Amino acid sequence: MSTYEGEPLGVQPGHEGEPLGVQPGEDLELNDEATNTPSLVAQAFQGWELMAEAVAETDPLLASLMSSGALLARAAFEEYVPGLLDELAGILRNGGLARSASDDLLGELAQRLWEPRCPFSWEWMLVQHQGAVGTFATVRRERSLLQMVNAVIREGLDPESAEPPEPVEPPDEPLGEWRIISTLERPSKIGQAGSLFCYTPQRGWRPRVRLEETTYQGITRTSWSSKPVERSQWVVLAGENDRDFDRREPPEFAVGLQNPPEFARALNTDEFVSSAAYFLQLDVNKRRQEMVGRFIEQNEQAIRTTAGVALNAAASLIPAGLPLVAVGALNMIPDLIIKTIQGILNRRIAATTLPNWLVQHTVIKIGRQPPTSAVLLYSEELPDNTLVGAQTINGTMQVVDDYGDFRVPQLWPRGRILHGATEPEAADADLPMVVPADLWTWVDVNRRPLVWSDSWESGRPPTHGFRVLLPFSPLPSGKTGKQPKGPHYVAALRVEVYYREVVPPAGQAHHWKI
C-alpha cells in the first residue's frame, strides 16, 4: 500500500469515481519502511486501517477515503505533540524524576510518540479529504458514507451478512448502552482450574507471581498467586484485598454479561468511532515497579489532562460532521502514553523481561446499528509477532497458520473484526469450548498468541467471540537471540461486545434506558 505525494485525492469526474493517485485495490495506509514499530499515534489508527482493509475487498475507493480520514486526524494531533512533550517534561520533573532521568525518558517517549511522522500537514490533508468525500458522495449518490462503510465491512468479510442486523432496541424507545470489555478468561468458561498456567516458575524461595490488568476504563486491577507457584500447575489467583485464598474465581474475573460497570466501557452514542486499550502484565519479581507504580499513580491524572488538551485541540482543527475522519481512534493515546512511560521506567530499573500485551479495540458505531469492532493484539517487546488460529479438523482442534482460504487473509495474523455482540453467555451456559492442553503447550513453546474461540471449518465465517492464549516468557537476549532460562506462563484472555439495558433510577415507574 502506498501514497502518492503531491497528487490530489479528489475524485475526477468522468473516471468512474476513481480518486487521483490511488490505484484500484490500494488505500492510503502509510508504509513506514524506516521502522517495524509504528509510532503511538500511528498505532492508534491500526484498528481503523484494519477495517479499511476489509472495505477494500469490495470497495477500494471507499477504503481510500477511510485511510485519508485517518491521516487527517493523525496529522492534526501531531501538530500538538511538541507542546504536549513540553508539558509532560514539566510533569515528570515536578513529579519526582531527576532531570537527567526525565530528559532521557522524554527523548525516548518523543521517538515512540510520533516517529515516523505523518508526511502531510493537516491543512493539506483537510482540503484533500473534504474534496474527496464531497465528490465521492456525489458520484455514488450515497446518503450516508458511514452506513456504507458498515455494510461494506460486513460484505468484505462475509457476503451473506452485508445487510446490517436489526437494532437491538425497539424503534420507539431510546438507545440502550453498548459496552466493550477485555479481561482474563473466567476459569469456569474454559473448564480449567485457572486462567494462568505455569510451565516453569521463577527460581527462588516460595516463587509467586502478580498479574496486573488495566481495563478499557483505565482502572488497574491486580491479582496475586494465592500460594507458591509450581511447575505444570494452574496458578490460583486472588485479588489484592481477597483474604479467601481458596477461591478459584476472584472478583478480578469479569463474568460475561454480568460484569460490574467498572470493568466495561460504554460507547458514547454521539461518536461514530471510538477506541480503547487494555493492558496485561505479568510480574515475577516481588517488588517490581513498586516505585514506578507509585510514581505513575501520583502523576497519572496530570498526564491524562495534558493529553486531553492536545486531543481537544486536534479535534478543533477538523470541521464538525466531516465523515470518515477517525478522530475517536485517538482516545487511547493517554493510555498508550502512560504505559509507555511506565515501560521505560521499568527498563531503567532492570524490571521484568517478560512481554506485556496490549489489546487495542476500535469501534464503529452508526446510529442505532450494532457496533463493528476491530480488535488487535500487540506487544511492544515482540513487535513482529503475529496471531495464529485454531481450526477444528475431524473433531480435533489444531493450530492453523495459513489464512489463505479466508476472504481477507491479511487481517487474521494481526487481529479480528467483530460484528455486533459476542455470543451472550449466562452464568450457567455451556462451555464455549475446552482448549486442548497441547495448544497451551504450543503457545509456550512457540511464543506466539493463539486465537481459539473462532475455530473455523474451511469456508465458514468466524464466530463473534475473541478468545486468545498469550505467552509470558523471558525475551531472547544478545545478538544470538538464544532463549534464556526463566519463568514461562500462558494466560487466557477474552474480548466481548454486548448490549445492556440500564436499570432506571429509583422512583421512576416507566421503563427507562440510556
# chains A, B, ... in the order shown; residues from 1 in each chain; ligands from 1
>>> select_by_dssp(residues="range 54-182 of chain A", states="strand (DSSP E or B)", output="list in words")
Glu177, Trp178, Arg179, Ile180, Ile181 and Ser182 of chain A
>>> residues_around(residues="Phe279 in chain A", least_positions_apart="6", cutoff="12 Å", atoms="only C-alpha atoms", output="VMD selection string")
chain A and resid 181 to 184 211 to 222 332 335 to 336 338 to 340 342 to 343 355 to 361 377 to 380 493
>>> atom_distance(atom1="CA of Leu92 in chain A", atom2="CA of Ala310 in chain A")
17.3 Å
>>> atom_distance(atom1="CA of Val490 in chain A", atom2="CA of Arg347 in chain A")
22.3 Å
>>> residues_around(residues="Arg304 in chain A", least_positions_apart="4", cutoff="9 Å", atoms="only C-alpha atoms", output="list in words")
Asn299, Glu300, Gly308, Val309, Pro334, Asp335, Ile337 and Ile338 of chain A
>>> write_last_selection(atoms="N, CA, C and O atoms", output="short mmCIF file (atom, residue, chain, number, x, y, z; two decimals), in the first residue's frame")
data_model
loop_
_atom_site.label_atom_id
_atom_site.label_comp_id
_atom_site.auth_asym_id
_atom_site.auth_seq_id
_atom_site.Cartn_x
_atom_site.Cartn_y
_atom_site.Cartn_z
N ASN A 299 1.10 10.79 39.23
CA ASN A 299 1.16 11.73 38.11
C ASN A 299 0.20 11.41 36.97
O ASN A 299 0.14 12.14 35.98
N GLU A 300 -0.55 10.32 37.11
CA GLU A 300 -1.40 9.87 36.01
C GLU A 300 -2.45 10.91 35.62
O GLU A 300 -2.64 11.18 34.42
N GLY A 308 -5.37 15.14 27.13
CA GLY A 308 -6.72 15.50 26.73
C GLY A 308 -6.79 16.88 26.09
O GLY A 308 -7.56 17.11 25.15
N VAL A 309 -5.98 17.81 26.58
CA VAL A 309 -5.93 19.14 25.98
C VAL A 309 -5.46 19.05 24.53
O VAL A 309 -6.02 19.69 23.63
N PRO A 334 -3.86 8.71 25.61
CA PRO A 334 -3.43 8.87 27.00
C PRO A 334 -3.00 7.56 27.65
O PRO A 334 -1.99 7.53 28.37
N ASP A 335 -3.74 6.47 27.40
CA ASP A 335 -3.35 5.17 27.96
C ASP A 335 -2.02 4.71 27.41
O ASP A 335 -1.18 4.19 28.14
N ILE A 337 0.42 6.57 26.26
CA ILE A 337 1.50 7.41 26.81
C ILE A 337 1.87 6.95 28.22
O ILE A 337 3.05 6.79 28.55
N ILE A 338 0.85 6.72 29.05
CA ILE A 338 1.11 6.31 30.44
C ILE A 338 1.84 4.97 30.49
O ILE A 338 2.82 4.80 31.22
#
>>> select_by_dssp(residues="range 262-481 of chain A", states="alpha helix (DSSP H)", output="number ranges by chain")
A: 290-316, 333-348, 437-446
>>> closest_residue(among="A:Val399, A:Ala307, A:Ala70, A:Val468", to="Ile91 in chain A", atoms="only C-alpha atoms")
A:Ala307
